[in-house]
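Asker: Below is one structure. I have some questions about it.
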Amino acid sequence: MALIVQKFGGTSVANPEKIKAVADKVVDYHRLGNQMVIVLSAMAGETNRFIELAAQVQEFPDAREMDVILSSGEQVTVALCAMAIKEDGVDAVSLLGDQVKIRTDTSHTRARIEDIDTELIKKHLKDGKIVVVAGFQGVTDYNDITTLGRGGSDTTAVALAAALQADKCEIFTDVEGVYTTDPNIHSGARKIDRISYDEMLELASLGAKVLDIRSVSFAKRYNVPVHVRSTFTDKEGTWVVEEEKEMESMLVSGVTYNKNEARITISKVPDTPGIASKIFTPISNAEIIVDMIIQNTRAGALTDMTFTVPRLDYDRAMEVVKKVADDVGAERVDGSREITKVSVVGVGMRNHSGIATTIFQVLAREGINISMISTSEIKVSCVIDEKYTELAVRALHDAFALDKDNVTDDSHE
Ligand code: ADP
Ligand code: ASP
Ligand code: MG
């Protein structure tokens, strides 16, 4: 008998019919003799609807109250699913984050899980019930409801699997696994059978939203095997596991894009010691996360500073930066929301040079201007104009022949 945690995303529970189909599937696993813990998202579109509702009432919605609204979508689906399971003749119980005691810190709308009490879940499992847990939510020590940030149900599922020492965690979604790029923007995307935690961390952090990055961190830390697969077929999906020998031979594992960032440039800043700290401390004090930073050198004692912030924080960041620019005597601040960060990722890149050159050549051939570049051991990212996203992703995917198994060869060296 195995203990299995299965998570179903928003499109898998989008309406009562789909919820009934999820219940039937889960009941089949239960009848095979498995103990089942199910984690659900809100119905597709609900979380966005809540955000829009709140925005109609408060310009910058109160984060605590926001979490009270946001957590309600998952409350609906878990109750409906528990009802559907009971209709199938198996006992079930729905549990919200605070009932389980998924304890988080107090960072509303992006809380971190600190601890999970497994006692209640274990008791219900022992009684032969299927336990249906609301994803994406937790509770603070002060009994306030929190949410974990967009896509957070994946994290609930993997964290529960770790806490319960489950045999596996299955993430059911609307695609058949993790692909070499988003299959919804490139039909040539290929499903990856097995991928290492590290590569998946990199893909997720750079925009592959098929798995929430924090879920991958939990999986890696507690060595939880994660199986990403489709709700709508029985096909084997992608296993996210520890790095295996043969994975090293993959040069590039995927191409990602991230449209969640915005660019800000401060021009003609006095180039003196301490200037970076003067600019970035107030931004960090406003709890805005800066990702890429570029500082240019100009002739003379002036410099330009360009960096990216989350798109959702753009207006707030601009307010802070304009004030700082005045304080330090910079000439101008400008920025753009319409940017995309396109990245090429692969552990095989560690041992190969020339990948970046290939990327620059491909983008140049397509007439796409690069405004920022950043590299690490296993990725190269370029910021481009948002309107070229699909073109760039497809061109890079094809340049590295990702539709086929790409093993390292010397042509890129
Ligand atoms: P869920 O609601 O089930 O959590 P998400 O929308 O969060 O589903 O994640 C699934 C989506 O992730 C897919 O529909 C796909 O468009 C997108 N996606 C982005 N990059 C990838 C990738 N590399 N592989 C698979 N899907 C990807
Ligand atoms: N419902 C939440 C969201 O849309 C959490 C999730 O689906 O994982 O982000
Ligand atoms: Mg998701």
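FYI, nothing fancy with the structure tokens labels: chains A, B, ... in order, residues from 1 per chain, ligands from 1 as they appear.
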Tell me which protein, DNA and RNA residues are within 12 Å of Gly152 of chain A, counting only C-alpha atoms, leaving out same-chain ones fewer than 3 positions away, and put them as a VMD selection string.
Answerer: chain A and resid 7 to 10 39 to 42 47 70 to 71 74 109 to 113 134 to 138 146 to 149 155 to 159 209 to 216
Asker: Please, which residues of segment 265-348 of chain A, numbered as in this document, come out alpha helix (DSSP H) from DSSP, as a ChimeraX atom specification?
Answerer: /A:275-285,314-328
Asker: Quick one: everything within 10 Å of Val309 of chain A, counting only C-alpha atoms, minus sequence neighbours fewer than 2 positions away in the same chain. Send it as a list in words.
Answerer: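 My list of contacting residues is Asn260, Glu261, Ala262, Arg263, Ile264, Ile283, Ile288, Ile289, Val290, Asp291, Met292, Ile293, Phe307, Arg311, Leu312, Asp313, Tyr314, Ala317, Met318 and Arg337 of chain A.
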Asker: Taking only C-alpha atoms and all ligand atoms into account, which residues have an atom no farther than 7 Å from ligand 1? I'd like them as a list in words.
Answerer: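 Counting only C-alpha atoms and all ligand atoms, the residues within 7 Å of ligand 1 come out as Phe8, Gly9, Gly10, Thr11, Ser12, Ala44, Gly151, Asp154, Phe172, Thr173, Asp174, Val175, Gly177, Val178, Tyr179, Thr180, Thr181, Asp182, Pro183, Asn184, Gly207, Ala208, Lys209, Val210, Leu211, Gly254 and Thr256 of chain A.
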Asker: Given only C-alpha atoms and all ligand atoms as the basis, pick out the residue of A:Val347, A:Val131, A:Ala204, A:Val57 nearest to ligand 3.
Answerer: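 Answer, going by the shortest atom-to-atom distance: A:Ala204.
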Asker: So which residues touch Leu120 of chain A within 9 Å, counting only C-alpha atoms, skipping near sequence neighbours fewer than 6 positions away, as an mmCIF file with C-alpha atoms, in the first residue's frame?
Answerer:
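File part.cif, as written:
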data_model
loop_
_atom_site.group_PDB
_atom_site.id
_atom_site.type_symbol
_atom_site.label_atom_id
_atom_site.label_comp_id
_atom_site.auth_asym_id
_atom_site.auth_seq_id
_atom_site.Cartn_x
_atom_site.Cartn_y
_atom_site.Cartn_z
ATOM 1 C CA GLN A 99 -7.504 23.048 9.785
ATOM 2 C CA VAL A 100 -4.488 20.951 8.804
ATOM 3 C CA LYS A 101 -2.209 23.543 10.383
#
Asker: Please compute the atom CA of Pro225 of chain A-atom 7 (O, counted along the ligand's line) of ligand 2 distance, one decimal, in Å.
Answerer: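 Here the two named atoms are 20.5 Å from each other.
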Asker: Hey, what's within 12 Å of Lys220 of chain A if we count only C-alpha atoms and toss same-chain stuff fewer than 6 positions away? As a PyMOL selection string, please?
Answerer: chain A and resi 158-159+162+195-201+213-214+226+240-243
